[in-house]
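Visitor: Here you go, entry38.cif (mmCIF, C-alpha atoms and all ligand atoms):
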```cif
data_input
#
loop_
_atom_site.label_atom_id
_atom_site.label_comp_id
_atom_site.auth_asym_id
_atom_site.auth_seq_id
_atom_site.Cartn_x
_atom_site.Cartn_y
_atom_site.Cartn_z
CA MET V 946 23.01 -0.36 -19.07
CA GLN V 947 20.20 -2.37 -17.55
CA LYS V 948 19.17 -0.97 -14.17
CA ARG V 949 18.69 -3.18 -11.12
CA ALA V 950 15.97 -2.57 -8.55
CA PHE V 951 15.45 -4.15 -5.14
CA ILE V 952 11.92 -4.16 -3.71
CA THR V 953 10.96 -5.12 -0.16
CA GLY V 954 7.30 -6.02 0.28
CA VAL V 955 7.22 -7.18 -3.32
CA SER V 956 4.33 -9.59 -2.76
CA GLY V 957 2.01 -6.83 -1.54
CA GLN V 958 -0.36 -4.76 -3.65
CA ASP V 959 2.13 -1.96 -4.29
CA GLY V 960 5.10 -4.28 -4.73
CA SER V 961 3.35 -6.20 -7.48
CA TYR V 962 2.37 -3.06 -9.44
CA LEU V 963 5.83 -1.61 -9.00
CA ALA V 964 7.57 -4.83 -10.11
CA GLU V 965 5.42 -4.87 -13.26
CA LEU V 966 6.19 -1.24 -13.98
CA LEU V 967 9.95 -1.66 -13.55
CA LEU V 968 10.03 -4.82 -15.67
CA SER V 969 8.14 -2.97 -18.41
CA LYS V 970 10.89 -0.34 -18.29
CA GLY V 971 13.60 -2.98 -18.78
CA TYR V 972 14.86 -3.24 -15.18
CA GLU V 973 16.14 -6.39 -13.55
CA VAL V 974 13.98 -6.68 -10.43
CA HIS V 975 14.88 -8.43 -7.18
CA GLY V 976 12.10 -8.83 -4.64
CA LEU V 977 12.49 -9.63 -0.96
CA LEU V 978 10.04 -12.29 0.17
CA ARG V 979 9.28 -13.42 3.70
CA ARG V 980 9.14 -17.15 4.22
CA SER V 981 5.57 -18.38 4.58
CA SER V 982 4.04 -21.76 5.27
CA SER V 983 1.70 -21.28 2.30
CA PRO V 984 3.86 -19.67 -0.43
CA GLN V 985 1.06 -19.66 -3.02
CA HIS V 986 -0.95 -17.34 -0.75
CA SER V 987 1.89 -14.86 -0.49
CA THR V 988 2.77 -14.74 -4.20
CA TRP V 989 -0.67 -14.73 -5.88
CA ARG V 990 -0.22 -11.12 -6.97
CA LEU V 991 3.03 -12.01 -8.74
CA GLU V 992 1.78 -14.96 -10.74
CA GLY V 993 1.57 -13.06 -14.01
CA ILE V 994 5.11 -11.69 -13.78
CA LEU V 995 7.38 -14.59 -12.99
CA GLN V 996 10.02 -14.19 -15.67
CA ASP V 997 13.81 -14.13 -16.20
CA ARG V 998 14.44 -10.56 -15.14
CA PHE V 999 12.39 -11.02 -11.95
CA LYS V 1000 13.99 -12.79 -8.97
CA LEU V 1001 12.57 -13.53 -5.55
CA ARG V 1002 14.95 -13.70 -2.58
CA TYR V 1003 14.08 -14.95 0.86
CA GLY V 1004 14.76 -12.50 3.64
CA ASP V 1005 13.09 -10.33 6.23
CA VAL V 1006 13.33 -6.71 7.31
CA THR V 1007 13.76 -7.89 10.91
CA ASP V 1008 16.87 -9.85 9.86
CA SER V 1009 19.81 -7.54 9.10
CA PRO V 1010 22.17 -10.27 7.84
CA SER V 1011 19.69 -11.21 5.10
CA LEU V 1012 19.38 -7.56 4.03
CA LEU V 1013 23.14 -7.07 3.96
CA ARG V 1014 23.69 -10.24 1.95
CA HIS V 1015 21.04 -9.52 -0.67
CA LEU V 1016 21.98 -5.89 -1.14
CA GLU V 1017 25.66 -6.77 -1.41
CA GLU V 1018 24.91 -9.40 -4.06
CA VAL V 1019 22.42 -7.35 -6.08
CA GLN V 1020 24.18 -3.95 -5.91
CA PRO V 1021 20.91 -2.24 -6.88
CA ASP V 1022 20.63 1.17 -8.52
CA GLU V 1023 17.26 1.73 -6.84
CA VAL V 1024 15.79 0.35 -3.61
CA TYR V 1025 12.06 0.56 -2.92
CA HIS V 1026 11.30 -0.18 0.71
CA LEU V 1027 7.62 -1.13 0.89
CA ALA V 1028 7.65 -3.93 3.48
CA ALA V 1029 5.65 -3.17 6.61
CA GLN V 1030 3.04 -4.41 9.03
CA SER V 1031 0.59 -2.17 7.19
CA ASP V 1032 -2.75 -2.81 8.91
CA VAL V 1033 -3.53 0.20 11.10
CA GLY V 1034 -6.28 -1.53 13.11
CA VAL V 1035 -4.12 -4.58 13.80
CA SER V 1036 -1.22 -2.36 14.90
CA PHE V 1037 -3.10 -1.62 18.15
CA ARG V 1038 -2.96 -5.35 18.95
CA VAL V 1039 0.64 -5.97 17.85
CA ALA V 1040 2.22 -2.61 18.65
CA GLU V 1041 5.72 -3.87 19.40
CA HIS V 1042 5.80 -6.07 16.30
CA THR V 1043 4.62 -3.10 14.21
CA ALA V 1044 7.35 -0.85 15.64
CA ASN V 1045 9.92 -3.55 14.88
CA VAL V 1046 8.84 -4.24 11.29
CA THR V 1047 7.45 -0.89 10.15
CA GLY V 1048 9.77 1.40 12.14
CA LEU V 1049 13.05 -0.41 12.74
CA GLY V 1050 12.76 -2.25 9.40
CA THR V 1051 13.55 1.06 7.68
CA LEU V 1052 16.53 1.69 9.95
CA ARG V 1053 17.89 -1.78 9.16
CA MET V 1054 17.46 -1.18 5.44
CA LEU V 1055 19.25 2.17 5.60
CA GLU V 1056 22.11 0.75 7.67
CA ALA V 1057 22.51 -2.13 5.22
CA LEU V 1058 22.48 0.29 2.29
CA ARG V 1059 25.05 2.51 3.96
CA ALA V 1060 27.31 -0.48 4.54
CA VAL V 1061 27.20 -2.21 1.16
CA CYS V 1062 25.61 0.04 -1.51
CA PRO V 1063 25.59 3.67 -0.27
CA GLY V 1064 25.15 5.02 -3.80
CA ALA V 1065 21.79 3.30 -4.35
CA LYS V 1066 18.73 5.54 -4.47
CA PHE V 1067 16.28 4.73 -1.67
CA TYR V 1068 12.49 5.07 -1.60
CA GLN V 1069 10.67 4.93 1.76
CA ALA V 1070 6.95 4.13 1.75
CA SER V 1071 5.73 6.82 4.13
CA SER V 1072 2.05 7.17 4.89
CA SER V 1073 -0.62 9.84 5.16
CA GLU V 1074 -1.54 8.17 8.47
CA MET V 1075 1.41 10.13 9.92
CA PHE V 1076 -0.71 13.30 9.62
CA GLY V 1077 -3.41 11.84 11.84
CA VAL V 1078 -5.58 14.69 13.06
CA SER V 1079 -3.67 17.55 11.39
CA SER V 1080 -6.02 19.82 9.40
CA PRO V 1081 -6.75 18.87 5.80
CA PRO V 1082 -5.62 19.19 3.08
CA GLN V 1083 -2.23 17.79 4.08
CA ASN V 1084 0.99 18.56 2.23
CA GLU V 1085 4.76 18.13 2.78
CA ASN V 1086 4.76 20.91 5.42
CA THR V 1087 1.83 19.63 7.49
CA PRO V 1088 2.89 18.53 11.00
CA PHE V 1089 2.58 14.87 11.94
CA HIS V 1090 0.16 13.79 14.66
CA PRO V 1091 0.14 9.97 14.49
CA ARG V 1092 -2.91 8.20 15.95
CA SER V 1093 -1.89 4.54 15.96
CA PRO V 1094 1.16 2.36 16.64
CA TYR V 1095 1.39 1.97 12.86
CA ALA V 1096 1.46 5.72 12.25
CA CYS V 1097 4.02 6.23 15.05
CA ALA V 1098 6.27 3.60 13.46
CA LYS V 1099 5.88 5.21 10.01
CA ALA V 1100 6.75 8.63 11.45
CA TYR V 1101 9.92 7.17 12.98
CA ALA V 1102 10.83 5.56 9.65
CA HIS V 1103 10.13 8.81 7.81
CA HIS V 1104 12.36 10.91 10.08
CA THR V 1105 15.09 8.27 9.88
CA THR V 1106 14.99 8.43 6.08
CA VAL V 1107 15.37 12.22 6.17
CA ASN V 1108 18.18 11.90 8.69
CA TYR V 1109 20.21 9.52 6.49
CA ARG V 1110 19.90 12.01 3.65
CA GLU V 1111 21.13 14.86 5.85
CA ALA V 1112 23.74 12.97 7.88
CA TYR V 1113 25.34 10.83 5.19
CA GLY V 1114 24.37 12.56 1.95
CA MET V 1115 22.53 9.47 0.73
CA PHE V 1116 19.83 9.69 -1.96
CA THR V 1117 16.90 8.84 0.30
CA THR V 1118 13.31 9.93 -0.40
CA SER V 1119 9.90 9.42 1.17
CA GLY V 1120 6.64 9.19 -0.70
CA ILE V 1121 3.86 10.18 1.68
CA LEU V 1122 1.14 8.17 0.02
CA PHE V 1123 -2.54 8.58 0.76
CA ASN V 1124 -4.77 5.48 0.57
CA HIS V 1125 -4.43 3.59 -2.66
CA GLU V 1126 -6.52 0.63 -3.65
CA SER V 1127 -7.05 -1.88 -6.45
CA PRO V 1128 -8.44 -5.36 -7.06
CA ARG V 1129 -5.16 -6.58 -5.49
CA ARG V 1130 -5.84 -4.80 -2.18
CA GLY V 1131 -5.69 -7.02 0.93
CA GLU V 1132 -9.09 -8.18 2.19
CA ASN V 1133 -8.56 -6.61 5.62
CA PHE V 1134 -8.68 -3.02 4.30
CA VAL V 1135 -12.06 -1.37 4.22
CA THR V 1136 -12.42 -0.89 0.43
CA ARG V 1137 -11.75 -4.51 -0.45
CA LYS V 1138 -13.81 -5.71 2.51
CA ILE V 1139 -16.73 -3.75 1.04
CA THR V 1140 -16.31 -4.85 -2.59
CA ARG V 1141 -15.92 -8.53 -1.59
CA ALA V 1142 -19.05 -8.26 0.51
CA VAL V 1143 -20.98 -6.69 -2.37
CA ALA V 1144 -20.11 -9.69 -4.53
CA ALA V 1145 -20.99 -12.21 -1.81
CA ILE V 1146 -24.25 -10.49 -0.87
CA GLN V 1147 -25.31 -10.29 -4.48
CA ALA V 1148 -24.61 -14.01 -4.89
CA GLY V 1149 -26.72 -14.76 -1.82
CA LEU V 1150 -23.72 -16.00 0.19
CA GLN V 1151 -23.62 -13.27 2.84
CA GLU V 1152 -26.40 -11.42 4.63
CA TYR V 1153 -24.75 -8.35 6.14
CA LEU V 1154 -21.51 -6.40 6.07
CA TYR V 1155 -20.25 -5.35 9.51
CA LEU V 1156 -18.10 -2.22 9.58
CA GLY V 1157 -16.63 0.24 12.09
CA ASN V 1158 -16.39 4.00 11.53
CA LEU V 1159 -18.49 4.98 8.49
CA ASP V 1160 -17.73 8.69 8.84
CA ALA V 1161 -13.96 8.44 8.25
CA ARG V 1162 -12.95 10.30 5.10
CA ARG V 1163 -10.04 9.19 2.98
CA ASP V 1164 -8.34 10.21 -0.26
CA TRP V 1165 -8.56 6.98 -2.26
CA GLY V 1166 -6.55 6.55 -5.48
CA PHE V 1167 -5.53 3.66 -7.72
CA ALA V 1168 -2.39 1.77 -6.58
CA GLY V 1169 -1.03 1.42 -10.14
CA ASP V 1170 -0.88 5.22 -10.46
CA TYR V 1171 1.01 5.44 -7.15
CA ALA V 1172 3.67 2.92 -8.27
CA GLU V 1173 4.41 5.31 -11.14
CA ALA V 1174 4.91 8.14 -8.61
CA MET V 1175 7.41 6.04 -6.62
CA TRP V 1176 9.48 5.45 -9.73
CA MET V 1177 9.31 9.13 -10.74
CA MET V 1178 10.61 10.18 -7.33
CA LEU V 1179 13.78 8.15 -7.81
CA GLN V 1180 14.35 9.63 -11.28
CA SER V 1181 14.62 13.17 -9.84
CA SER V 1182 18.05 14.75 -9.76
CA GLU V 1183 17.67 15.67 -6.05
CA PRO V 1184 16.21 13.50 -3.27
CA GLU V 1185 13.01 15.05 -1.92
CA ASP V 1186 9.82 13.99 -0.16
CA PHE V 1187 6.45 14.13 -1.90
CA VAL V 1188 2.79 13.86 -0.92
CA ILE V 1189 0.94 11.59 -3.34
CA GLY V 1190 -2.87 11.59 -3.46
CA THR V 1191 -5.81 12.66 -5.60
CA GLY V 1192 -6.92 15.75 -3.67
CA GLU V 1193 -10.44 14.33 -3.32
CA ALA V 1194 -11.95 12.83 -0.15
CA HIS V 1195 -14.86 10.43 0.32
CA SER V 1196 -16.29 8.80 3.43
CA VAL V 1197 -16.47 5.07 4.07
CA ARG V 1198 -20.25 5.55 3.78
CA ASP V 1199 -19.82 7.09 0.28
CA PHE V 1200 -17.68 4.12 -0.73
CA CYS V 1201 -20.38 1.71 0.47
CA GLU V 1202 -23.11 3.58 -1.36
CA LEU V 1203 -21.23 3.60 -4.65
CA ALA V 1204 -20.06 -0.02 -4.42
CA PHE V 1205 -23.51 -1.42 -3.61
CA THR V 1206 -25.14 0.76 -6.27
CA GLU V 1207 -22.67 -0.66 -8.78
CA ALA V 1208 -24.26 -4.06 -8.14
CA GLY V 1209 -27.81 -2.66 -8.14
CA LEU V 1210 -28.18 -2.92 -4.33
CA ASP V 1211 -29.11 -0.40 -1.63
CA TRP V 1212 -26.23 -0.34 0.89
CA GLN V 1213 -28.50 0.64 3.77
CA ASN V 1214 -30.16 -2.78 3.67
CA TYR V 1215 -26.87 -4.59 4.23
CA VAL V 1216 -24.33 -2.48 6.13
CA ARG V 1217 -24.36 -2.77 9.93
CA HIS V 1218 -22.16 -1.15 12.56
CA ASP V 1219 -20.00 -3.43 14.70
CA PRO V 1220 -18.06 -1.59 17.43
CA ALA V 1221 -15.44 -4.37 17.31
CA HIS V 1222 -14.17 -2.66 14.13
CA ASP V 1223 -13.84 0.79 15.76
CA ARG V 1224 -10.25 1.77 16.55
CA PRO V 1225 -9.11 3.09 19.96
CA SER V 1226 -8.19 6.30 18.11
CA ASP V 1227 -8.99 6.81 14.44
CA VAL V 1228 -8.13 9.35 11.77
CA ASP V 1229 -11.22 11.20 10.56
CA TYR V 1230 -10.21 13.23 7.57
CA LEU V 1231 -7.28 12.79 5.23
CA VAL V 1232 -7.09 14.52 1.88
CA ALA V 1233 -3.92 15.29 -0.02
CA ASP V 1234 -2.62 18.51 -1.43
CA PRO V 1235 -0.50 16.87 -4.14
CA SER V 1236 0.52 20.11 -5.87
CA LYS V 1237 4.26 19.62 -5.29
CA ALA V 1238 4.22 16.20 -7.02
CA GLN V 1239 2.16 17.65 -9.87
CA GLN V 1240 4.52 20.57 -10.39
CA LYS V 1241 7.91 18.94 -9.80
CA LEU V 1242 7.33 15.39 -11.01
CA GLY V 1243 4.52 16.00 -13.47
CA TRP V 1244 2.61 13.21 -11.68
CA LYS V 1245 -1.18 13.03 -11.88
CA PRO V 1246 -3.57 10.22 -10.94
CA GLN V 1247 -5.16 8.61 -13.99
CA MET V 1248 -8.07 6.68 -12.50
CA SER V 1249 -11.06 8.44 -10.93
CA PHE V 1250 -12.72 7.40 -7.67
CA GLY V 1251 -15.83 6.17 -9.51
CA GLU V 1252 -13.75 4.07 -11.92
CA LEU V 1253 -11.76 2.60 -9.03
CA VAL V 1254 -14.85 1.51 -7.09
CA ALA V 1255 -16.47 0.08 -10.24
CA GLU V 1256 -13.32 -1.85 -11.15
CA MET V 1257 -12.95 -3.32 -7.64
CA VAL V 1258 -16.59 -4.44 -7.58
CA ARG V 1259 -16.33 -5.90 -11.08
CA SER V 1260 -13.17 -7.79 -10.17
CA ASP V 1261 -14.61 -9.25 -6.94
CA ARG V 1262 -17.79 -10.37 -8.71
CA GLU V 1263 -15.70 -12.05 -11.40
CA ARG V 1264 -13.43 -13.73 -8.82
CA LEU V 1265 -16.42 -15.10 -6.96
CA ARG V 1266 -18.02 -16.32 -10.19
CA ARG V 1267 -14.82 -18.23 -11.07
CA PHE V 1268 -14.55 -19.64 -7.57
CA LEU V 1269 -18.15 -20.91 -7.62
CA GLU V 1270 -17.65 -22.37 -11.08
CA ASN V 1271 -14.54 -24.28 -9.88
CA GLU V 1272 -16.40 -25.54 -6.83
CA SER V 1273 -19.27 -26.82 -8.96
CA HIS V 1274 -16.80 -28.71 -11.21
CA LYS V 1275 -15.36 -30.44 -8.12
CA LYS V 1276 -18.77 -31.91 -7.25
N1 LIG V 1301 -10.00 -1.99 7.86
C1 LIG V 1301 -11.21 -1.56 8.20
N2 LIG V 1301 -12.20 -2.50 8.45
N3 LIG V 1301 -11.45 -0.24 8.29
C2 LIG V 1301 -12.70 0.17 8.61
C3 LIG V 1301 -13.74 -0.74 8.88
C4 LIG V 1301 -13.48 -2.14 8.80
O1 LIG V 1301 -14.33 -2.99 9.02
N4 LIG V 1301 -14.87 -0.03 9.15
C5 LIG V 1301 -14.54 1.26 9.07
N5 LIG V 1301 -13.22 1.39 8.75
C6 LIG V 1301 -12.50 2.67 8.63
C7 LIG V 1301 -11.23 2.74 9.47
O2 LIG V 1301 -11.54 3.00 10.85
C8 LIG V 1301 -10.49 3.87 8.79
O3 LIG V 1301 -10.92 5.11 9.30
C9 LIG V 1301 -10.93 3.75 7.31
O4 LIG V 1301 -12.04 2.85 7.31
C10 LIG V 1301 -9.86 3.19 6.38
O5 LIG V 1301 -9.33 2.01 6.95
P1 LIG V 1301 -8.31 1.06 6.14
O6 LIG V 1301 -8.89 0.67 4.84
O7 LIG V 1301 -7.93 -0.04 7.08
O8 LIG V 1301 -7.08 1.99 5.80
P2 LIG V 1301 -6.26 3.05 6.66
O9 LIG V 1301 -6.66 4.42 6.19
O10 LIG V 1301 -6.37 2.79 8.11
O11 LIG V 1301 -4.76 2.76 6.25
C11 LIG V 1301 -4.40 2.45 4.91
O12 LIG V 1301 -3.96 3.59 4.23
C12 LIG V 1301 -2.74 4.16 4.71
C13 LIG V 1301 -2.39 5.37 3.84
O13 LIG V 1301 -2.99 6.49 4.39
C14 LIG V 1301 -3.32 1.37 4.98
O14 LIG V 1301 -3.07 0.89 3.66
C15 LIG V 1301 -2.03 1.92 5.53
O15 LIG V 1301 -1.02 0.91 5.48
C16 LIG V 1301 -1.61 3.13 4.68
O16 LIG V 1301 -0.43 3.70 5.18
#
```
Represent the structure of the file as structure tokens.

Guide:
Amino acid sequence: MQKRAFITGVSGQDGSYLAELLLSKGYEVHGLLRRSSSPQHSTWRLEGILQDRFKLRYGDVTDSPSLLRHLEEVQPDEVYHLAAQSDVGVSFRVAEHTANVTGLGTLRMLEALRAVCPGAKFYQASSSEMFGVSSPPQNENTPFHPRSPYACAKAYAHHTTVNYREAYGMFTTSGILFNHESPRRGENFVTRKITRAVAAIQAGLQEYLYLGNLDARRDWGFAGDYAEAMWMMLQSSEPEDFVIGTGEAHSVRDFCELAFTEAGLDWQNYVRHDPAHDRPSDVDYLVADPSKAQQKLGWKPQMSFGELVAEMVRSDRERLRRFLENESHKK
């Protein structure tokens, strides 16, 4: 029988890759979409996949009645909860909002599931940010030490997911995902900010790129590979939590060097420090120990760091080229 999936945060980077993956596997996919005054801006990642088996539903993870109604109607086999206020830097400025969306949003989802479809399998998008300053490499047994309102909210959501598994016997799992990027990454995250700037600087449209902490090290993988891991986790016979990452760390400085080199530029001529982008407390070094996922799920990242950076730079140069071409036609 055809399986039904329900995805919150479907219009984000991960939601779009996951929706594509599930549709390719024959699922009927229902995506929760927040109302926006400019709908085309919120659904640009989904443009290629609008088809019969894919349905968008208006709702919000801060609005329990909408969650209850949709879940009751859809009766999904699998629920992927990806919706969040996901910008760590911004979470310091909108801490309460972040706790409400990113933390309590998970509680509302789990309560709605428990009420109307308790047999559905549930995936929680947990984050490596929860580890904060705990020593690398981080695995499923590493203690949490969150360093931002975002990470605190994710830690709450993570523990709540575990609690619903233990208290009510529900099939709830958390994927503790390390940073994952792609050409669909939001422009506020450091990787996409860099690759967009490379394209603009090369085209003579921007002089400098202003960044915060260049020393931060992250484990950057390709988002498409991580959507596969989410799906694999819900195909397991037992609900368990998994760390998902590549096991390789690079600094923001390394990312800059590689991205500018890709376009034949020397990053040192263009990158400048702006303290406005420093966070009140940052996370210096995250790198995954993904051995559990490799052994139990057979999951492995397919795209290397070098390929990822090259693909993001290529895509941003191409986007800018198309944009400039359109602008010149308008004249
Ligand atoms: N965004 C941003 N902008 N980050 C900068 C900048 C800048 O101008 N300059 C330096 N950085 C540093 C940040 O201080 C941080 O140490 C690092 O670059 C990565 O920042 P982000 O790309 O914003 O990602 P993140 O690691 O904070 O969080 C992302 O990954 C998490 C998974 O570990 C987000 O996608 C989270 O939602 C996700 O949970």

Visitor: Counting all atoms listed in the file, which residues of chain V fall within 6 Å of ligand LIG 1301 (chain V), and what is the closest atom pair for each with its distance in Å at one decimal, ordered by chain and rising number, as a Markdown table?

Guide:
```
| residue | atom | partner | partner_atom | distance |
| --- | --- | --- | --- | --- |
| V:Ser1031 | CA | V:LIG1301 | O15 | 3.9 |
| V:Asp1032 | CA | V:LIG1301 | O15 | 5.3 |
| V:Val1033 | CA | V:LIG1301 | O10 | 4.9 |
| V:Ser1072 | CA | V:LIG1301 | O16 | 4.3 |
| V:Ser1073 | CA | V:LIG1301 | O13 | 4.2 |
| V:Glu1074 | CA | V:LIG1301 | O13 | 4.6 |
| V:Leu1122 | CA | V:LIG1301 | C13 | 5.9 |
| V:Phe1123 | CA | V:LIG1301 | O13 | 4.2 |
| V:Asn1124 | CA | V:LIG1301 | C13 | 4.0 |
| V:Asn1133 | CA | V:LIG1301 | N1 | 5.3 |
| V:Phe1134 | CA | V:LIG1301 | O6 | 3.7 |
| V:Val1135 | CA | V:LIG1301 | O6 | 3.8 |
| V:Thr1136 | CA | V:LIG1301 | O6 | 5.9 |
| V:Leu1156 | CA | V:LIG1301 | O1 | 3.9 |
| V:Gly1157 | CA | V:LIG1301 | N4 | 3.4 |
| V:Asn1158 | CA | V:LIG1301 | C5 | 4.1 |
| V:Leu1159 | CA | V:LIG1301 | C5 | 5.5 |
| V:Ala1161 | CA | V:LIG1301 | O3 | 4.6 |
| V:Val1197 | CA | V:LIG1301 | O4 | 5.9 |
| V:His1222 | CA | V:LIG1301 | O1 | 5.1 |
| V:Asp1223 | CA | V:LIG1301 | O2 | 5.9 |
| V:Arg1224 | CA | V:LIG1301 | O2 | 6.0 |
| V:Asp1227 | CA | V:LIG1301 | O3 | 5.7 |
| V:Val1228 | CA | V:LIG1301 | O3 | 5.6 |
```

Visitor: Would you list the contacts of segment 1006-1017 of chain V as a PyMOL selection string, taking every protein, DNA or RNA residue within 7 Å and counting all atoms listed in the file, but skipping same-chain residues closer than 4 positions in sequence?

Guide: chain V and resi 1021+1046+1050+1053-1054+1057+1061-1062

Visitor: How far is it from atom CA of Gln996 of chain V to atom CA of Ser969 of chain V, in Å with one decimal?

Guide: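 These atoms are spaced 11.7 Å apart.
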
Visitor: Using all atoms listed in the file, can you tell me which of V:Trp1212, V:Phe1250, V:Phe1076, V:Phe1268 comes closest to Phe1167 of chain V?

Guide: V:Phe1250

Visitor: Would you pick out the contacts of Ser1236 of chain V at 12 Å or less, using all atoms listed in the file, so that residues sharing its chain but fewer than 6 positions from it are not included, and give the list as a ChimeraX atom specification?

Guide: /V:1082-1085,1187-1192,1242-1246

Visitor: Determine, counting only C-alpha atoms, every residue of protein, DNA or RNA that lies within 12 Å of (12.0, -5.3, -7.2) in the file coordinates, then give the result as number ranges by chain.

Guide: V: 948-957, 959-968, 971-978, 991, 994-995, 998-1002, 1015-1016, 1019, 1021-1028, 1068, 1172, 1176

Visitor: Centre and edge lengths of an axis-aligned box around all listed atoms of segment 1222-1226 of chain V, with 4 Å added on each side, are to be given in Å to one decimal, as AutoDock Vina command-line options.

Guide:
```
--center_x -11.2 --center_y 1.8 --center_z 17.0 --size_x 14.0 --size_y 17.0 --size_z 13.8
```
